[in-house]
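Okay, input.cif now, which holds mmCIF, C-alpha atoms:
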```
data_coords
loop_
_atom_site.group_PDB
_atom_site.id
_atom_site.type_symbol
_atom_site.label_atom_id
_atom_site.label_comp_id
_atom_site.auth_asym_id
_atom_site.auth_seq_id
_atom_site.Cartn_x
_atom_site.Cartn_y
_atom_site.Cartn_z
ATOM 1 C CA MET C 1 14.489 -30.484 -33.794
ATOM 2 C CA SER C 2 14.027 -27.778 -31.123
ATOM 3 C CA GLU C 3 16.633 -26.945 -28.499
ATOM 4 C CA ALA C 4 14.283 -28.333 -25.797
ATOM 5 C CA GLU C 5 14.103 -31.641 -27.681
ATOM 6 C CA GLU C 6 17.891 -31.712 -28.168
ATOM 7 C CA LEU C 7 18.399 -31.189 -24.432
ATOM 8 C CA GLY C 8 15.752 -33.757 -23.540
ATOM 9 C CA VAL C 9 13.533 -31.312 -21.632
ATOM 10 C CA SER C 10 10.666 -30.858 -24.119
ATOM 11 C CA ASP C 11 8.300 -33.087 -22.076
ATOM 12 C CA VAL C 12 9.039 -31.032 -18.961
ATOM 13 C CA MET C 13 8.337 -27.805 -20.880
ATOM 14 C CA ARG C 14 5.035 -29.122 -22.262
ATOM 15 C CA GLU C 15 3.848 -30.033 -18.748
ATOM 16 C CA ARG C 16 4.431 -26.494 -17.414
ATOM 17 C CA GLU C 17 2.041 -23.650 -18.094
ATOM 18 C CA SER C 18 4.421 -21.174 -16.456
ATOM 19 C CA ILE C 19 7.763 -21.020 -14.685
ATOM 20 C CA THR C 20 7.819 -20.298 -10.953
ATOM 21 C CA PHE C 21 11.083 -19.268 -9.311
ATOM 22 C CA ASP C 22 12.500 -17.445 -6.323
ATOM 23 C CA MET C 23 14.072 -14.014 -6.945
ATOM 24 C CA ASN C 24 17.384 -15.196 -5.470
ATOM 25 C CA THR C 25 17.665 -18.648 -7.055
ATOM 26 C CA LYS C 26 20.578 -18.716 -9.484
ATOM 27 C CA CYS C 27 18.803 -20.384 -12.399
ATOM 28 C CA TRP C 28 19.432 -17.779 -15.140
ATOM 29 C CA SER C 29 22.441 -17.277 -17.400
ATOM 30 C CA PHE C 30 23.660 -15.239 -20.352
ATOM 31 C CA ASN C 31 26.303 -17.809 -21.365
ATOM 32 C CA ARG C 32 25.277 -21.219 -19.919
ATOM 33 C CA THR C 33 28.351 -21.102 -17.679
ATOM 34 C CA HIS C 34 27.743 -18.492 -14.971
ATOM 35 C CA SER C 35 24.429 -18.608 -13.122
ATOM 36 C CA LEU C 36 22.695 -15.574 -11.726
ATOM 37 C CA SER C 37 19.514 -14.761 -9.853
ATOM 38 C CA PHE C 38 16.525 -12.934 -11.294
ATOM 39 C CA PHE C 39 17.351 -10.084 -8.914
ATOM 40 C CA THR C 40 20.809 -9.749 -10.501
ATOM 41 C CA LEU C 41 19.344 -10.189 -13.994
ATOM 42 C CA VAL C 42 16.965 -7.216 -13.726
ATOM 43 C CA ARG C 43 18.827 -4.789 -11.436
ATOM 44 C CA ASP C 44 20.653 -3.095 -14.334
ATOM 45 C CA PHE C 45 17.286 -2.187 -15.855
ATOM 46 C CA VAL C 46 16.364 -0.188 -12.738
ATOM 47 C CA VAL C 47 17.159 3.536 -12.529
ATOM 48 C CA GLN C 48 20.640 3.788 -11.013
ATOM 49 C CA ASP C 49 20.815 6.937 -8.897
ATOM 50 C CA GLN C 50 21.812 7.415 -5.287
ATOM 51 C CA GLY C 51 18.503 8.425 -3.710
ATOM 52 C CA GLU C 52 15.386 6.660 -2.617
ATOM 53 C CA GLY C 53 12.979 5.763 -5.360
ATOM 54 C CA SER C 54 10.514 3.338 -6.832
ATOM 55 C CA GLY C 55 9.087 2.540 -10.210
ATOM 56 C CA GLU C 56 8.292 0.025 -12.886
ATOM 57 C CA VAL C 57 10.473 -1.174 -15.718
ATOM 58 C CA ASN C 58 9.773 -3.541 -18.609
ATOM 59 C CA VAL C 59 12.395 -6.241 -19.153
ATOM 60 C CA SER C 60 12.460 -8.355 -22.294
ATOM 61 C CA PHE C 61 14.749 -10.836 -24.001
ATOM 62 C CA ASP C 62 13.862 -12.168 -27.429
ATOM 63 C CA LEU C 63 13.913 -15.930 -27.955
ATOM 64 C CA LYS C 64 15.653 -15.726 -31.360
ATOM 65 C CA THR C 65 17.626 -12.450 -31.565
ATOM 66 C CA GLY C 66 19.640 -10.164 -29.313
ATOM 67 C CA THR C 67 21.284 -11.087 -26.049
ATOM 68 C CA PRO C 68 20.509 -14.745 -25.311
ATOM 69 C CA LEU C 69 18.888 -15.598 -21.985
ATOM 70 C CA TYR C 70 18.997 -19.117 -20.570
ATOM 71 C CA TYR C 71 16.914 -20.720 -17.823
ATOM 72 C CA MET C 72 17.956 -23.918 -16.033
ATOM 73 C CA ILE C 73 15.471 -26.775 -16.395
ATOM 74 C CA GLU C 74 16.277 -30.288 -15.194
ATOM 75 C CA GLY C 75 19.917 -29.255 -14.712
ATOM 76 C CA ARG C 76 20.314 -27.886 -18.268
ATOM 77 C CA PHE C 77 20.229 -24.355 -19.622
ATOM 78 C CA LEU C 78 17.562 -23.712 -22.246
ATOM 79 C CA ARG C 79 17.387 -20.459 -24.211
ATOM 80 C CA ILE C 80 14.109 -18.715 -23.479
ATOM 81 C CA GLY C 81 12.322 -15.484 -24.266
ATOM 82 C CA LEU C 82 11.253 -13.278 -21.388
ATOM 83 C CA LYS C 83 8.853 -10.372 -21.179
ATOM 84 C CA CYS C 84 7.956 -9.019 -17.750
ATOM 85 C CA LYS C 85 7.277 -5.888 -15.731
ATOM 86 C CA VAL C 86 9.433 -5.380 -12.641
ATOM 87 C CA ILE C 87 8.144 -3.184 -9.820
ATOM 88 C CA TRP C 88 11.052 -1.963 -7.677
ATOM 89 C CA LYS C 89 11.730 0.141 -4.585
ATOM 90 C CA ARG C 90 15.011 1.480 -3.186
ATOM 91 C CA SER C 91 15.256 2.883 0.330
ATOM 92 C CA ILE C 92 17.972 4.502 2.412
ATOM 93 C CA SER C 93 18.556 3.589 6.034
ATOM 94 C CA ILE C 94 20.906 5.361 8.428
ATOM 95 C CA ASN C 95 21.792 3.034 11.274
ATOM 96 C CA PRO C 96 23.737 3.985 14.403
ATOM 97 C CA ILE C 97 26.313 1.606 15.842
ATOM 98 C CA SER C 98 24.481 -0.815 18.101
ATOM 99 C CA ILE C 99 27.291 -3.169 19.209
ATOM 100 C CA MET C 100 30.784 -2.364 20.504
ATOM 101 C CA THR C 101 33.102 -5.047 21.899
ATOM 102 C CA TYR C 102 36.821 -5.431 22.548
ATOM 103 C CA GLU C 103 38.090 -8.632 20.889
ATOM 104 C CA GLN C 104 41.247 -10.324 19.692
ATOM 105 C CA LEU C 105 41.430 -10.550 15.883
ATOM 106 C CA ASP C 106 42.342 -14.135 15.029
ATOM 107 C CA HIS C 107 45.794 -14.488 16.637
ATOM 108 C CA GLY C 108 46.596 -10.807 16.142
ATOM 109 C CA PRO C 109 45.965 -7.585 18.025
ATOM 110 C CA LEU C 110 43.088 -6.635 20.280
ATOM 111 C CA ALA C 111 40.615 -4.313 18.597
ATOM 112 C CA TRP C 112 37.385 -2.488 19.174
ATOM 113 C CA VAL C 113 34.731 -4.149 17.041
ATOM 114 C CA ILE C 114 31.782 -1.990 16.137
ATOM 115 C CA GLY C 115 28.692 -3.419 14.548
ATOM 116 C CA LEU C 116 25.090 -2.961 13.676
ATOM 117 C CA ILE C 117 22.083 -4.975 12.673
ATOM 118 C CA HIS C 118 19.585 -3.628 10.152
ATOM 119 C CA GLU C 119 16.224 -5.304 9.568
ATOM 120 C CA SER C 120 15.780 -5.046 5.788
ATOM 121 C CA PRO C 121 12.671 -6.164 3.873
ATOM 122 C CA VAL C 122 14.563 -9.298 2.749
ATOM 123 C CA GLY C 123 15.950 -10.139 6.200
ATOM 124 C CA PRO C 124 18.550 -8.954 8.711
ATOM 125 C CA VAL C 125 21.842 -7.426 7.552
ATOM 126 C CA GLU C 126 24.613 -7.651 10.142
ATOM 127 C CA MET C 127 27.870 -5.731 9.805
ATOM 128 C CA LYS C 128 31.025 -5.765 11.966
ATOM 129 C CA MET C 129 34.102 -3.530 11.607
ATOM 130 C CA PRO C 130 37.208 -4.157 13.745
ATOM 131 C CA LEU C 131 39.106 -0.930 14.514
ATOM 132 C CA VAL C 132 42.865 -1.295 15.113
ATOM 133 C CA LYS C 133 44.755 1.544 16.805
ATOM 134 C CA GLU C 134 47.611 2.979 14.753
ATOM 135 C CA GLY C 135 49.296 5.896 16.512
ATOM 136 C CA ASP C 136 46.662 8.486 17.362
ATOM 137 C CA ALA C 137 44.116 7.096 14.888
ATOM 138 C CA TYR C 138 42.130 3.944 14.247
ATOM 139 C CA ARG C 139 42.088 1.881 11.043
ATOM 140 C CA ILE C 140 39.264 -0.402 9.894
ATOM 141 C CA SER C 141 40.939 -3.804 9.772
ATOM 142 C CA HIS C 142 38.271 -5.411 7.574
ATOM 143 C CA LEU C 143 34.539 -5.464 7.071
ATOM 144 C CA GLN C 144 32.370 -8.507 7.787
ATOM 145 C CA ILE C 145 28.862 -8.456 6.348
ATOM 146 C CA ASP C 146 26.229 -11.169 6.744
ATOM 147 C CA SER C 147 23.154 -10.534 4.653
ATOM 148 C CA PRO C 148 20.396 -12.389 2.855
ATOM 149 C CA GLU C 149 21.020 -13.043 -0.816
ATOM 150 C CA GLY C 150 19.615 -10.224 -2.901
ATOM 151 C CA ALA C 151 20.302 -7.518 -0.345
ATOM 152 C CA GLU C 152 22.401 -4.762 -1.871
ATOM 153 C CA PHE C 153 23.741 -1.766 -0.056
ATOM 154 C CA SER C 154 26.508 0.794 -0.010
ATOM 155 C CA ILE C 155 28.336 2.236 2.959
ATOM 156 C CA THR C 156 29.084 5.941 3.258
ATOM 157 C CA MET C 157 31.537 7.055 5.903
ATOM 158 C CA ASN C 158 31.650 10.642 7.049
ATOM 159 C CA LYS C 159 34.833 11.954 8.606
ATOM 160 C CA VAL C 160 34.122 13.459 12.020
ATOM 161 C CA ARG C 161 36.587 15.796 13.679
ATOM 162 C CA SER C 162 36.413 16.569 17.361
#
```
How would this structure read if it were set down as structure tokens?
Amino acid sequence: MSEAEELGVSDVMRERESITFDMNTKCWSFNRTHSLSFFTLVRDFVVQDQGEGSGEVNVSFDLKTGTPLYYMIEGRFLRIGLKCKVIWKRSISINPISIMTYEQLDHGPLAWVIGLIHESPVGPVEMKMPLVKEGDAYRISHLQIDSPEGAEFSITMNKVRS
């Protein structure tokens, strides 16, 4: 008996010629416990340097050997094989501060809140950083980021002296 038959999804599998999914839908797993998106699944196969770049990478998981890959069908994880080509692009964006307000942080101190909005290919990324005065300097209280799923970025801060 196949795993699809054991899980009761063999009829569903026979009816499908292919699997269609969204890059950000968490329907994949390596252990049947923690779900992840296809974006997360393939990002470690992409060249990991700090600059802009683009390319193609082949991603494959064998159905019988090696690291198991599971796909959720009808609410159950089924081990599958995968062979695909991923075309990727990484870009760098330098965004100036576009918003500056003076607000009270929860029930705490007043703070300057600086923010920016970046229009990424997957949707807007909005970031806010409250700055709290400590002596002659300012400290970033916390960082609030609202972004579409699948957007990844890093923040580089340069120290400026006047």
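Between CA of Thr65 (chain C) and CA of Thr33 (chain C) the interatomic distance comes to 19.6 Å.
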> How many Å lie between CA of Gly55 (chain C) and CA of Pro148 (chain C), rounded to one decimal?
Replying inline: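 According to the coordinates, CA of Gly55 (chain C) and CA of Pro148 (chain C) are separated by 22.8 Å.
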> What gap, in Å, lies between CA of Gly53 (chain C) and CA of Lys89 (chain C)?
Replying inline: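 Distance between the two atoms: 5.8 Å.
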>> Would you pick out the contacts of Val57 (chain C) at 10 Å or less, using only C-alpha atoms, so that residues sharing its chain but fewer than 5 positions from it are not included, and give the list as a VMD selection string?
In response: chain C and resid 42 45 to 47 84 to 88
>> As a check of understanding, name the residues that the PyMOL selection byres ((chain C and resi 79) around 8) selects in the supplied structure, as a ChimeraX atom specification.
In response: /C:3,63,68-71,77-78,80-81
